[in-house]
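Okay, so here's the structure we're looking at.
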Amino acid sequence: MLDNRFDPAAVEDRIYQAWLEAGAFKAGRPERAGAEPYCIVIPPPNVTGSLHMGHALNNTLQDILCRFERMRGKDVLWQVGTDHAGIATQMVVERQLAERKLPGRREMGREAFVERIWAWKEESGGTIINQLKKLGASADWSRERFTMDEGLSRAVLKVFVRLYKEGLIYKDKRLVNWDPKFQSAISDLEVLQVEVKGNLWHLRYPLADGVTYEHPIAFDENGLPYEFETRDYIVVATTRPETMLGDTAVAVHPEDPRYQGLVAANAKVRLPLVGRLIPIVPDTYSDPTKGTGAVKITPAHDFNDFEVGRRHGLPMINVLDSEARVTLVGNEDFLAGTFPGADLDAALALDGLSREAARKAIVALLEERGVLDRIEPHTHMVPHGDRSNVVIEPWLTDQWYVDAHTLAQPALAAVREGRTNFVPKNWEKTYFEWLENIQPWCVSRQLWWGHQIPAWYGPDGSIFVEETEEAAVAAALAHCVQAGIISDAEAQELAVDAEKRAALITRDEDVLDTWFSSALWPFSTLGWPDETAELKRFYPTSVLITGFDIIFFWVARMMMMGLHFQDDVVPFKDVYIHALVRDEKGAKMSKSKGNVIDPLDLVEKYGADALRFTLAAMAAQGRDIKLATSRVEGYRNFATKLWNAARFAEMNGCGRDPAFDPHAVSSTLNRWILGETQKAGAEITAALVDYKFNEAAGAAYRFVWNIYCDWYLELAKPVFTGNDEGWKAETRATAAFVLDEILKLLHPFMPFLTEELWARTAETGAPRGEMLVLAQWPALTGLEAPEAEADIGWLIDLVTEIRSVRAEMNVPAGAQIPLVLVAAGTGTVDRVGQWNDVLLRLARLSGITFADEAPAGSVQIVVRGETAALPLVGVIDMDAEGARLAKELAKARDDIAKVDAKLGNADFIKRAPEEVIEEQRERRDVASARAEKIREALARLGKAG
């Protein structure tokens, strides 16, 4: 006998263990050797990570598809694993060392420090994997991978070496996002733009060699200048005065009339303090509508300036060191072209200052020399490291790069040709825009934890890139002999002398960006570079489910690498991009706002099934999820509703009959529910195939709660208590059969509840052949019953409309009211005869009569083309009710007008946070729906709305 209630905490761990023991999640099960393969690779969570709501959504959607396709008979591989997360993991271990007052990594040395990280990974890493299991993830854990395990490391080495030898990996001096705290380049994804209240300093750069120009100072009503002053300087504005030490040009727009004469004359300015002569260059980067239209160009300290510098062949002068301190003394690039004098001495005195201290000192010096034009407050975005929380420095340094532009072309073609499809399709535009404008990909990081770059440097600076040190030594020896650095005899001696050989070449200390190894994930996890059976069977994978924020960093790079290393075969056929999970007001979740919802807290309180179903039901394509705890509680109640329905069926003897044939049922009620079951199965299947998770969940919810529980079981109650044993037996068998179909249809969304009911409902009756997780997905056919649907559908629609009128008109709950069917057809008369008692009970009617016309003072409703009337005179005050509804309609219209006024206010739209605007739109939708319902109610009273 089923318990009084379903207790998720009491069953979830037990059921999950049973799945593991049965090997239910394993790919390659013997009975599926000939089945169609289906593969999803997990976006590998950081080994340092813990489950957040984004993970919960992402993995719930993946699990729904895997369970769905597994039940459809496919050989499913959900490939799972974790990412070594270079900087995050190194930071965790370094912090741990500091907390325990142990030697730091530099005191410890690279080898010992990396060993320490491996030890931490084995003991404490992978917490998120166990948390995914709490969520119900049905991944093949026997194939769990790690981006630094032996096989994946071998793949990384092979890819790097091959790309280098193909000329697609190279070393270059370019700007990178430099983290002064971690002393490493970081990716754009690890940079946060933080709004900062600062200043805009306007500086006067004197024109060299006595050059002057006419600068407009007054304009007419048409914006044309009519008054000028002669200037011997150009004003530039900057938020970073300290970088002016590295300026190598001033840029003006080529069509800006103020400066065309200066450009034509090849005029220069003399950089204050430094004395360096720098050109005025025409470049469209300068915006003539902003400020003076002239901008200082510091190619070594600004990404936009770097591009301007490349276009005009400007020197790139780095005036900051790796810790973001001013470095001028001994800086040959800085000293070249400077003008000796007192100002230069003042500049050199800044050497060693932090950028913040240097900024104050330089502003003071510029003010002393009369070249500080003015200062104005300025709020702007400043890049910060997402983990270090320090200001990121655009810094010029030697790094390793991938020629992403070349690799991007096949990746663009694959999506344009439809070999890979984005869902929703609008994300293709984002993908195209980024790949069409892609920059070289910086793949080197100045860390110790990660895949060390397989590059060695010889005594003459030559680079040897090989998969092993032995191969690099051989290449170095051959090169050194050919270059005359060593003789053949010395080469032979070095070949057998390990110590001397070690002195010949030095390995690059940098490691690879974690996105480099992640880019290989769809094929490296399947065993590549070996030609494994898994690779042959499961590549390309079926679908990738991920967030929009890593389309650039991960999706595009997997496309590039997959196509390049798998013979132009895409890594996945579909890419489903899910939205964000926000709080109930639509704000992004963040620790600083205090609105973060822990998915594990919800699992503990409401059960994994309730959270999973909530996320699926709200996962509309292209729309963010506003998660309220009340929604999770509501779907916990849905689980309770199904459990109670199963108990009701059990108490009424609804046991499974192995011989039951759904095509042989005879009663109208049972034929109707079987037809509805077939319809629901088809609807849910079609929605899941199209990645419309919310529509699938909605269809399941409506069928289970409304159709099966609220209508079928309610209409079956008289059958269960009646005397017709044949009808009773058929209804019991039908109820049990449909319940089984429900458990199958709900299993991908609510695996724990459904698996428990699957087992418990088999405690009596025929035994199950298998666990629900491996059962066959419903594929009912031939159960359409239009006549049964016409009868039962009419009954349901009529009761629903009567209940709606009762609610709208404030009919007292206990009041029984008459129903008059107007000019009813023969079919309706027959239906009333069959369902009279049910109608009286469910609609709380005092009686049912027939008439040619509706009685005066009645509310009329139309059900399936026929009119029904509810005489409410004497039950409610019709005039008072009309007045009440009119007042409610006026209030709804007033609410709509208030929202429209806000949404029509351009200033409000500009300043209000996104979630506030969305909330207003939702308020309008709610008010509009309320107004429409009131208008319908007024129309029933014969009053205008």
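Note on naming: chains are A, B, ... as they come in the structure tokens, residues start from 1 per chain, ligands start from 1 in the order shown.
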Q) Can you list, as a VMD selection string, every protein, DNA or RNA residue that comes within 12 Å of Gly313 (chain A) when you count only C-alpha atoms, leaving out same-chain residues fewer than 3 positions away? A) chain A and resid 248 to 249 279 281 299 305 to 310 316
Q: Go through region 439-502 of chain A and collect every residue that DSSP, computed from the backbone, puts in strand (DSSP E or B); the answer should be as a list in words.
A: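 Matching residues for strand (DSSP E or B) in region 439-502 of chain A are Trp441, Cys442, Ser444, Arg445, Gln452, Ala455, Trp456, Tyr457, Ile463, Phe464 and Val465 of chain A.
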I need the residues from that last selection saved to file as an mmCIF file, in the first residue's frame (with all heavy atoms), if you can.
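The resulting result.cif:
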```cif
data_model
loop_
_atom_site.group_PDB
_atom_site.id
_atom_site.type_symbol
_atom_site.label_atom_id
_atom_site.label_comp_id
_atom_site.auth_asym_id
_atom_site.auth_seq_id
_atom_site.Cartn_x
_atom_site.Cartn_y
_atom_site.Cartn_z
ATOM 1 N N TRP A 441 43.596 34.332 -31.062
ATOM 2 C CA TRP A 441 43.232 33.781 -29.753
ATOM 3 C C TRP A 441 44.505 33.571 -28.931
ATOM 4 O O TRP A 441 45.348 32.756 -29.285
ATOM 5 C CB TRP A 441 42.475 32.477 -29.970
ATOM 6 C CG TRP A 441 42.175 31.672 -28.743
ATOM 7 C CD1 TRP A 441 42.200 32.073 -27.445
ATOM 8 C CD2 TRP A 441 41.786 30.293 -28.726
ATOM 9 N NE1 TRP A 441 41.853 31.042 -26.609
ATOM 10 C CE2 TRP A 441 41.594 29.942 -27.358
ATOM 11 C CE3 TRP A 441 41.579 29.335 -29.714
ATOM 12 C CZ2 TRP A 441 41.209 28.647 -26.987
ATOM 13 C CZ3 TRP A 441 41.187 28.056 -29.333
ATOM 14 C CH2 TRP A 441 41.005 27.721 -27.984
ATOM 15 N N CYS A 442 44.616 34.326 -27.847
ATOM 16 C CA CYS A 442 45.763 34.176 -26.942
ATOM 17 C C CYS A 442 45.551 32.933 -26.090
ATOM 18 O O CYS A 442 44.595 32.864 -25.313
ATOM 19 C CB CYS A 442 45.904 35.404 -26.050
ATOM 20 S SG CYS A 442 47.215 35.263 -24.833
ATOM 21 N N SER A 444 48.170 31.328 -24.210
ATOM 22 C CA SER A 444 49.165 31.094 -23.162
ATOM 23 C C SER A 444 48.763 31.798 -21.879
ATOM 24 O O SER A 444 48.196 32.886 -21.900
ATOM 25 C CB SER A 444 50.545 31.563 -23.621
ATOM 26 O OG SER A 444 50.479 32.836 -24.221
ATOM 27 N N ARG A 445 49.043 31.152 -20.760
ATOM 28 C CA ARG A 445 48.757 31.706 -19.447
ATOM 29 C C ARG A 445 49.990 31.537 -18.575
ATOM 30 O O ARG A 445 50.659 30.491 -18.609
ATOM 31 C CB ARG A 445 47.574 30.976 -18.786
ATOM 32 C CG ARG A 445 46.270 31.097 -19.564
ATOM 33 C CD ARG A 445 45.712 32.517 -19.499
ATOM 34 N NE ARG A 445 44.444 32.634 -20.197
ATOM 35 C CZ ARG A 445 44.304 33.016 -21.455
ATOM 36 N NH1 ARG A 445 45.387 33.291 -22.178
ATOM 37 N NH2 ARG A 445 43.116 33.118 -22.007
ATOM 38 N N GLN A 452 51.205 22.365 -19.801
ATOM 39 C CA GLN A 452 52.377 23.178 -20.121
ATOM 40 C C GLN A 452 52.623 23.156 -21.621
ATOM 41 O O GLN A 452 52.536 22.114 -22.278
ATOM 42 C CB GLN A 452 53.612 22.668 -19.374
ATOM 43 C CG GLN A 452 54.796 23.626 -19.429
ATOM 44 C CD GLN A 452 55.935 23.202 -18.509
ATOM 45 O OE1 GLN A 452 55.818 22.233 -17.761
ATOM 46 N NE2 GLN A 452 57.045 23.920 -18.563
ATOM 47 N N ALA A 455 56.753 23.645 -25.957
ATOM 48 C CA ALA A 455 57.713 24.418 -26.754
ATOM 49 C C ALA A 455 59.001 24.554 -25.962
ATOM 50 O O ALA A 455 58.978 24.819 -24.756
ATOM 51 C CB ALA A 455 57.140 25.795 -27.079
ATOM 52 N N TRP A 456 60.128 24.366 -26.639
ATOM 53 C CA TRP A 456 61.448 24.476 -26.015
ATOM 54 C C TRP A 456 62.268 25.493 -26.803
ATOM 55 O O TRP A 456 62.135 25.615 -28.022
ATOM 56 C CB TRP A 456 62.161 23.128 -26.033
ATOM 57 C CG TRP A 456 61.610 22.136 -25.041
ATOM 58 C CD1 TRP A 456 62.121 21.819 -23.820
ATOM 59 C CD2 TRP A 456 60.469 21.277 -25.224
ATOM 60 N NE1 TRP A 456 61.361 20.850 -23.205
ATOM 61 C CE2 TRP A 456 60.333 20.495 -24.049
ATOM 62 C CE3 TRP A 456 59.524 21.101 -26.239
ATOM 63 C CZ2 TRP A 456 59.333 19.544 -23.867
ATOM 64 C CZ3 TRP A 456 58.516 20.175 -26.062
ATOM 65 C CH2 TRP A 456 58.429 19.406 -24.886
ATOM 66 N N TYR A 457 63.131 26.232 -26.095
ATOM 67 C CA TYR A 457 63.949 27.266 -26.714
ATOM 68 C C TYR A 457 65.413 26.847 -26.719
ATOM 69 O O TYR A 457 65.947 26.401 -25.695
ATOM 70 C CB TYR A 457 63.790 28.588 -25.957
ATOM 71 C CG TYR A 457 62.353 29.057 -25.911
ATOM 72 C CD1 TYR A 457 61.544 28.775 -24.805
ATOM 73 C CD2 TYR A 457 61.789 29.740 -26.985
ATOM 74 C CE1 TYR A 457 60.215 29.175 -24.777
ATOM 75 C CE2 TYR A 457 60.460 30.152 -26.961
ATOM 76 C CZ TYR A 457 59.675 29.857 -25.856
ATOM 77 O OH TYR A 457 58.361 30.250 -25.833
ATOM 78 N N ILE A 463 62.874 27.986 -31.665
ATOM 79 C CA ILE A 463 61.767 27.337 -30.946
ATOM 80 C C ILE A 463 61.553 25.945 -31.523
ATOM 81 O O ILE A 463 61.497 25.761 -32.747
ATOM 82 C CB ILE A 463 60.475 28.162 -31.075
ATOM 83 C CG1 ILE A 463 60.686 29.573 -30.508
ATOM 84 C CG2 ILE A 463 59.324 27.484 -30.339
ATOM 85 C CD1 ILE A 463 59.484 30.482 -30.687
ATOM 86 N N PHE A 464 61.411 24.978 -30.633
ATOM 87 C CA PHE A 464 61.152 23.600 -31.042
ATOM 88 C C PHE A 464 59.865 23.134 -30.378
ATOM 89 O O PHE A 464 59.791 23.039 -29.152
ATOM 90 C CB PHE A 464 62.335 22.702 -30.639
ATOM 91 C CG PHE A 464 63.658 23.228 -31.122
ATOM 92 C CD1 PHE A 464 64.496 23.928 -30.259
ATOM 93 C CD2 PHE A 464 64.044 23.073 -32.445
ATOM 94 C CE1 PHE A 464 65.695 24.445 -30.698
ATOM 95 C CE2 PHE A 464 65.239 23.593 -32.896
ATOM 96 C CZ PHE A 464 66.082 24.287 -32.028
ATOM 97 N N VAL A 465 58.855 22.893 -31.185
ATOM 98 C CA VAL A 465 57.544 22.485 -30.681
ATOM 99 C C VAL A 465 57.330 21.021 -31.031
ATOM 100 O O VAL A 465 57.250 20.654 -32.206
ATOM 101 C CB VAL A 465 56.427 23.360 -31.286
ATOM 102 C CG1 VAL A 465 55.062 22.844 -30.872
ATOM 103 C CG2 VAL A 465 56.604 24.812 -30.855
#
```
Q: Measuring atom to atom with only C-alpha atoms, identify which of A:Ala890, A:Ser184, A:Leu192, A:Val236 is nearest to Pro206 (chain A).
A: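 Closest to Pro206 (chain A) of all the choices is A:Val236.
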Q | Who sits within 9 Å of Val391 (chain A), only C-alpha atoms, same chain under 6 positions skipped, as a ChimeraX atom specification | A | /A:179-180,382-385
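Using only C-alpha atoms for every distance, the candidate list A:Asp140, A:Asp510, A:Asp740, A:Asp149 yields A:Asp149 as the residue closest to Lys121 (chain A).
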Q: Quick one: everything within 10 Å of Arg110 (chain A), counting only C-alpha atoms, minus sequence neighbours fewer than 5 positions away in the same chain. Send it as a count of residues only.
A: 7
Per residue of region 571-632 of chain A within 12 Å of region 32-56 of chain A, what are the shortest atom pair and its distance in Å to one decimal, counting only C-alpha atoms, with rows by chain and residue number, as a Markdown table?
```
| residue | atom | partner | partner_atom | distance |
| --- | --- | --- | --- | --- |
| A:Pro571 | CA | A:Val41 | CA | 10.0 |
| A:Phe572 | CA | A:Ile40 | CA | 8.5 |
| A:Lys573 | CA | A:Cys39 | CA | 10.4 |
| A:Asp574 | CA | A:Ile40 | CA | 10.3 |
| A:Val575 | CA | A:Ile40 | CA | 10.5 |
| A:Tyr576 | CA | A:Ile40 | CA | 11.3 |
| A:His578 | CA | A:Gly54 | CA | 9.4 |
| A:Ala579 | CA | A:Gly54 | CA | 8.9 |
| A:Leu580 | CA | A:Gly54 | CA | 6.9 |
| A:Val581 | CA | A:Gly54 | CA | 6.3 |
| A:Arg582 | CA | A:Met53 | CA | 8.9 |
| A:Asp583 | CA | A:Met53 | CA | 10.3 |
| A:Lys588 | CA | A:Gly54 | CA | 11.2 |
| A:Met589 | CA | A:Met53 | CA | 9.1 |
| A:Ser590 | CA | A:His52 | CA | 10.9 |
| A:Lys591 | CA | A:His52 | CA | 11.7 |
| A:Asn595 | CA | A:Met53 | CA | 11.6 |
| A:Val596 | CA | A:Met53 | CA | 8.4 |
| A:Ile597 | CA | A:Met53 | CA | 7.0 |
| A:Asp598 | CA | A:His52 | CA | 6.2 |
| A:Pro599 | CA | A:Met53 | CA | 5.7 |
| A:Leu600 | CA | A:Leu51 | CA | 7.6 |
| A:Asp601 | CA | A:His52 | CA | 10.6 |
| A:Leu602 | CA | A:Met53 | CA | 10.3 |
| A:Val603 | CA | A:Ala56 | CA | 10.5 |
| A:Ala608 | CA | A:Ala56 | CA | 10.1 |
| A:Asp609 | CA | A:Ala56 | CA | 11.8 |
| A:Leu611 | CA | A:Ala56 | CA | 8.6 |
| A:Arg612 | CA | A:Ala56 | CA | 7.9 |
| A:Phe613 | CA | A:Ala56 | CA | 11.2 |
| A:Thr614 | CA | A:Ala56 | CA | 10.9 |
| A:Leu615 | CA | A:Ala56 | CA | 8.2 |
| A:Ala616 | CA | A:Ala56 | CA | 10.5 |
| A:Ala619 | CA | A:Gly54 | CA | 11.8 |
| A:Asp624 | CA | A:Gly54 | CA | 11.2 |
| A:Ile625 | CA | A:Gly54 | CA | 10.3 |
| A:Lys626 | CA | A:Met53 | CA | 11.5 |
| A:Leu627 | CA | A:Met53 | CA | 9.6 |
```
Saved selection, atoms kept: C-alpha atoms, as a PDB file, in the first residue's frame:
```pdb
ATOM      1  CA  PRO A 571      31.075  18.284 -33.357  1.00  0.00           C
ATOM      2  CA  PHE A 572      27.297  18.513 -32.805  1.00  0.00           C
ATOM      3  CA  LYS A 573      24.214  18.723 -34.985  1.00  0.00           C
ATOM      4  CA  ASP A 574      22.235  21.113 -32.772  1.00  0.00           C
ATOM      5  CA  VAL A 575      23.209  23.787 -30.261  1.00  0.00           C
ATOM      6  CA  TYR A 576      20.455  24.622 -27.782  1.00  0.00           C
ATOM      7  CA  HIS A 578      19.266  28.317 -22.774  1.00  0.00           C
ATOM      8  CA  ALA A 579      18.577  31.604 -21.030  1.00  0.00           C
ATOM      9  CA  LEU A 580      19.474  32.895 -17.570  1.00  0.00           C
ATOM     10  CA  VAL A 581      17.850  31.934 -14.295  1.00  0.00           C
ATOM     11  CA  ARG A 582      16.972  35.186 -12.514  1.00  0.00           C
ATOM     12  CA  ASP A 583      15.250  35.897  -9.228  1.00  0.00           C
ATOM     13  CA  LYS A 588      20.319  38.645 -12.063  1.00  0.00           C
ATOM     14  CA  MET A 589      21.325  36.522  -9.121  1.00  0.00           C
ATOM     15  CA  SER A 590      24.453  37.734  -7.366  1.00  0.00           C
ATOM     16  CA  LYS A 591      26.002  37.382  -3.938  1.00  0.00           C
ATOM     17  CA  ASN A 595      19.297  37.085  -4.102  1.00  0.00           C
ATOM     18  CA  VAL A 596      21.134  33.867  -4.930  1.00  0.00           C
ATOM     19  CA  ILE A 597      18.983  30.747  -4.665  1.00  0.00           C
ATOM     20  CA  ASP A 598      20.896  27.550  -3.888  1.00  0.00           C
ATOM     21  CA  PRO A 599      19.431  24.673  -5.933  1.00  0.00           C
ATOM     22  CA  LEU A 600      20.503  22.154  -3.295  1.00  0.00           C
ATOM     23  CA  ASP A 601      18.444  24.010  -0.688  1.00  0.00           C
ATOM     24  CA  LEU A 602      15.407  23.658  -2.947  1.00  0.00           C
ATOM     25  CA  VAL A 603      16.143  19.977  -3.518  1.00  0.00           C
ATOM     26  CA  ALA A 608      14.748  17.195  -6.942  1.00  0.00           C
ATOM     27  CA  ASP A 609      11.671  16.450  -9.051  1.00  0.00           C
ATOM     28  CA  LEU A 611      12.990  21.788  -8.959  1.00  0.00           C
ATOM     29  CA  ARG A 612      13.559  19.921 -12.222  1.00  0.00           C
ATOM     30  CA  PHE A 613       9.961  20.305 -13.325  1.00  0.00           C
ATOM     31  CA  THR A 614       9.976  24.002 -12.422  1.00  0.00           C
ATOM     32  CA  LEU A 615      13.067  24.671 -14.524  1.00  0.00           C
ATOM     33  CA  ALA A 616      11.689  22.703 -17.475  1.00  0.00           C
ATOM     34  CA  ALA A 619      12.483  27.090 -19.987  1.00  0.00           C
ATOM     35  CA  ASP A 624      14.941  34.183 -19.060  1.00  0.00           C
ATOM     36  CA  ILE A 625      13.532  32.254 -16.127  1.00  0.00           C
ATOM     37  CA  LYS A 626      12.174  34.225 -13.179  1.00  0.00           C
ATOM     38  CA  LEU A 627      12.494  31.707 -10.409  1.00  0.00           C
TER      39      LEU A 627
END
```
Q.
Can you measure CA of Glu784 (chain A) to CA of Gln678 (chain A) for me? One decimal in Å is fine.
A. 7.6 Å
Q.
Give me the residues near Val719 (chain A) as a count of residues only, where near means some atom within 12 Å (using only C-alpha atoms) and where sequence neighbours in that chain fewer than 2 positions away do not count.
A. 26
Q: Give the answer as one residue: which of A:Thr514, A:Thr761, A:Thr284, A:Thr82 has the shortest atom-to-atom distance to His451 (chain A), using only C-alpha atoms?
A: A:Thr514
**Q.** Selected residue of minimal separation from Arg72 (chain A) among A:Trp643, A:Trp777, A:Tyr226, A:Trp521, counting only C-alpha atoms
**A.**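 Answer, going by the shortest atom-to-atom distance: A:Trp777.
With only C-alpha atoms as the basis for measurement, A:Gly655 is the residue among A:Pro871, A:Gly655, A:Pro778, A:Gly223 that approaches Met1 (chain A) most closely.
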Q. Quick one: distance from CA of Glu31 (chain A) to CA of Glu144 (chain A) in Å, one decimal?
A. 22.4 Å
Q) Skipping near chain neighbours, those fewer than 6 positions away, what residues fall within 10 Å of region 342-347 of chain A using only C-alpha atoms, listed as a ChimeraX atom specification? A) /A:245,272-276,326,328-329,335,358,361-362,365-366,369
Q: Please run DSSP on the backbone and report, as a VMD selection string, all residues within region 18-249 of chain A that come out as alpha helix (DSSP H).
A: chain A and resid 18 to 21 53 to 71 86 to 99 105 to 108 110 to 124 127 to 135 150 to 165
Restricted to C-alpha atoms, what would the selected residues look like written as a PDB file, in the first residue's frame?
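Everything below was put into part.pdb:
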```pdb
ATOM      1  CA  ALA A  18      19.512   1.399  -7.722  1.00  0.00           C
ATOM      2  CA  TRP A  19      20.005   3.050 -11.119  1.00  0.00           C
ATOM      3  CA  LEU A  20      23.778   2.906 -10.698  1.00  0.00           C
ATOM      4  CA  GLU A  21      23.725  -0.738  -9.618  1.00  0.00           C
ATOM      5  CA  MET A  53      21.112  27.553 -10.536  1.00  0.00           C
ATOM      6  CA  GLY A  54      22.638  27.889 -14.005  1.00  0.00           C
ATOM      7  CA  HIS A  55      24.158  24.417 -13.635  1.00  0.00           C
ATOM      8  CA  ALA A  56      20.814  23.105 -12.379  1.00  0.00           C
ATOM      9  CA  LEU A  57      18.980  24.390 -15.468  1.00  0.00           C
ATOM     10  CA  ASN A  58      21.657  23.281 -17.927  1.00  0.00           C
ATOM     11  CA  ASN A  59      21.963  19.781 -16.537  1.00  0.00           C
ATOM     12  CA  THR A  60      18.235  19.301 -16.015  1.00  0.00           C
ATOM     13  CA  LEU A  61      17.624  20.002 -19.697  1.00  0.00           C
ATOM     14  CA  GLN A  62      20.426  17.645 -20.706  1.00  0.00           C
ATOM     15  CA  ASP A  63      19.060  14.924 -18.436  1.00  0.00           C
ATOM     16  CA  ILE A  64      15.531  15.323 -19.779  1.00  0.00           C
ATOM     17  CA  LEU A  65      16.795  14.699 -23.302  1.00  0.00           C
ATOM     18  CA  CYS A  66      19.006  11.772 -22.269  1.00  0.00           C
ATOM     19  CA  ARG A  67      16.222  10.028 -20.353  1.00  0.00           C
ATOM     20  CA  PHE A  68      13.759  10.744 -23.178  1.00  0.00           C
ATOM     21  CA  GLU A  69      16.017   9.339 -25.895  1.00  0.00           C
ATOM     22  CA  ARG A  70      17.078   6.380 -23.730  1.00  0.00           C
ATOM     23  CA  MET A  71      13.397   5.459 -23.337  1.00  0.00           C
ATOM     24  CA  GLY A  86      43.580  26.777 -14.388  1.00  0.00           C
ATOM     25  CA  ILE A  87      43.477  30.074 -12.553  1.00  0.00           C
ATOM     26  CA  ALA A  88      40.529  29.148 -10.293  1.00  0.00           C
ATOM     27  CA  THR A  89      42.135  25.931  -9.069  1.00  0.00           C
ATOM     28  CA  GLN A  90      45.561  27.488  -8.602  1.00  0.00           C
ATOM     29  CA  MET A  91      43.935  30.267  -6.574  1.00  0.00           C
ATOM     30  CA  VAL A  92      42.108  27.763  -4.325  1.00  0.00           C
ATOM     31  CA  VAL A  93      45.306  25.894  -3.480  1.00  0.00           C
ATOM     32  CA  GLU A  94      47.365  29.065  -3.017  1.00  0.00           C
ATOM     33  CA  ARG A  95      44.737  30.404  -0.625  1.00  0.00           C
ATOM     34  CA  GLN A  96      44.771  27.102   1.238  1.00  0.00           C
ATOM     35  CA  LEU A  97      48.559  27.296   1.615  1.00  0.00           C
ATOM     36  CA  ALA A  98      48.297  30.833   2.959  1.00  0.00           C
ATOM     37  CA  GLU A  99      45.560  29.909   5.440  1.00  0.00           C
ATOM     38  CA  ARG A 105      54.094  28.196  -4.593  1.00  0.00           C
ATOM     39  CA  ARG A 106      57.284  30.058  -5.477  1.00  0.00           C
ATOM     40  CA  GLU A 107      59.013  28.859  -2.322  1.00  0.00           C
ATOM     41  CA  MET A 108      57.661  25.374  -2.932  1.00  0.00           C
ATOM     42  CA  ARG A 110      56.645  24.243  -9.649  1.00  0.00           C
ATOM     43  CA  GLU A 111      56.830  20.460  -9.364  1.00  0.00           C
ATOM     44  CA  ALA A 112      55.883  20.344  -5.690  1.00  0.00           C
ATOM     45  CA  PHE A 113      53.122  22.907  -6.152  1.00  0.00           C
ATOM     46  CA  VAL A 114      51.532  21.000  -9.056  1.00  0.00           C
ATOM     47  CA  GLU A 115      51.692  17.807  -6.964  1.00  0.00           C
ATOM     48  CA  ARG A 116      49.883  19.691  -4.222  1.00  0.00           C
ATOM     49  CA  ILE A 117      47.106  20.679  -6.624  1.00  0.00           C
ATOM     50  CA  TRP A 118      46.717  17.093  -7.836  1.00  0.00           C
ATOM     51  CA  ALA A 119      46.393  15.971  -4.210  1.00  0.00           C
ATOM     52  CA  TRP A 120      43.724  18.621  -3.598  1.00  0.00           C
ATOM     53  CA  LYS A 121      41.887  17.570  -6.747  1.00  0.00           C
ATOM     54  CA  GLU A 122      41.778  13.925  -5.667  1.00  0.00           C
ATOM     55  CA  GLU A 123      40.579  14.769  -2.148  1.00  0.00           C
ATOM     56  CA  SER A 124      38.308  17.777  -2.588  1.00  0.00           C
ATOM     57  CA  THR A 127      32.190  18.220  -5.408  1.00  0.00           C
ATOM     58  CA  ILE A 128      29.886  19.342  -8.188  1.00  0.00           C
ATOM     59  CA  ILE A 129      29.747  15.821  -9.630  1.00  0.00           C
ATOM     60  CA  ASN A 130      28.107  14.501  -6.464  1.00  0.00           C
ATOM     61  CA  GLN A 131      25.755  17.467  -6.516  1.00  0.00           C
ATOM     62  CA  LEU A 132      24.710  16.637 -10.076  1.00  0.00           C
ATOM     63  CA  LYS A 133      23.830  13.162  -8.873  1.00  0.00           C
ATOM     64  CA  LYS A 134      21.551  14.727  -6.234  1.00  0.00           C
ATOM     65  CA  LEU A 135      19.785  16.453  -9.108  1.00  0.00           C
ATOM     66  CA  GLU A 150      46.322  11.294 -19.530  1.00  0.00           C
ATOM     67  CA  GLY A 151      44.214  10.805 -22.644  1.00  0.00           C
ATOM     68  CA  LEU A 152      42.996  14.390 -22.892  1.00  0.00           C
ATOM     69  CA  SER A 153      46.508  15.725 -22.212  1.00  0.00           C
ATOM     70  CA  ARG A 154      47.809  13.649 -25.106  1.00  0.00           C
ATOM     71  CA  ALA A 155      45.114  15.143 -27.337  1.00  0.00           C
ATOM     72  CA  VAL A 156      46.080  18.671 -26.276  1.00  0.00           C
ATOM     73  CA  LEU A 157      49.753  18.089 -27.115  1.00  0.00           C
ATOM     74  CA  LYS A 158      48.939  16.629 -30.522  1.00  0.00           C
ATOM     75  CA  VAL A 159      46.623  19.512 -31.415  1.00  0.00           C
ATOM     76  CA  PHE A 160      49.092  22.199 -30.330  1.00  0.00           C
ATOM     77  CA  VAL A 161      52.007  20.630 -32.215  1.00  0.00           C
ATOM     78  CA  ARG A 162      49.996  20.058 -35.373  1.00  0.00           C
ATOM     79  CA  LEU A 163      48.571  23.582 -35.409  1.00  0.00           C
ATOM     80  CA  TYR A 164      52.052  25.014 -34.858  1.00  0.00           C
ATOM     81  CA  LYS A 165      53.526  23.022 -37.718  1.00  0.00           C
TER      82      LYS A 165
END
```
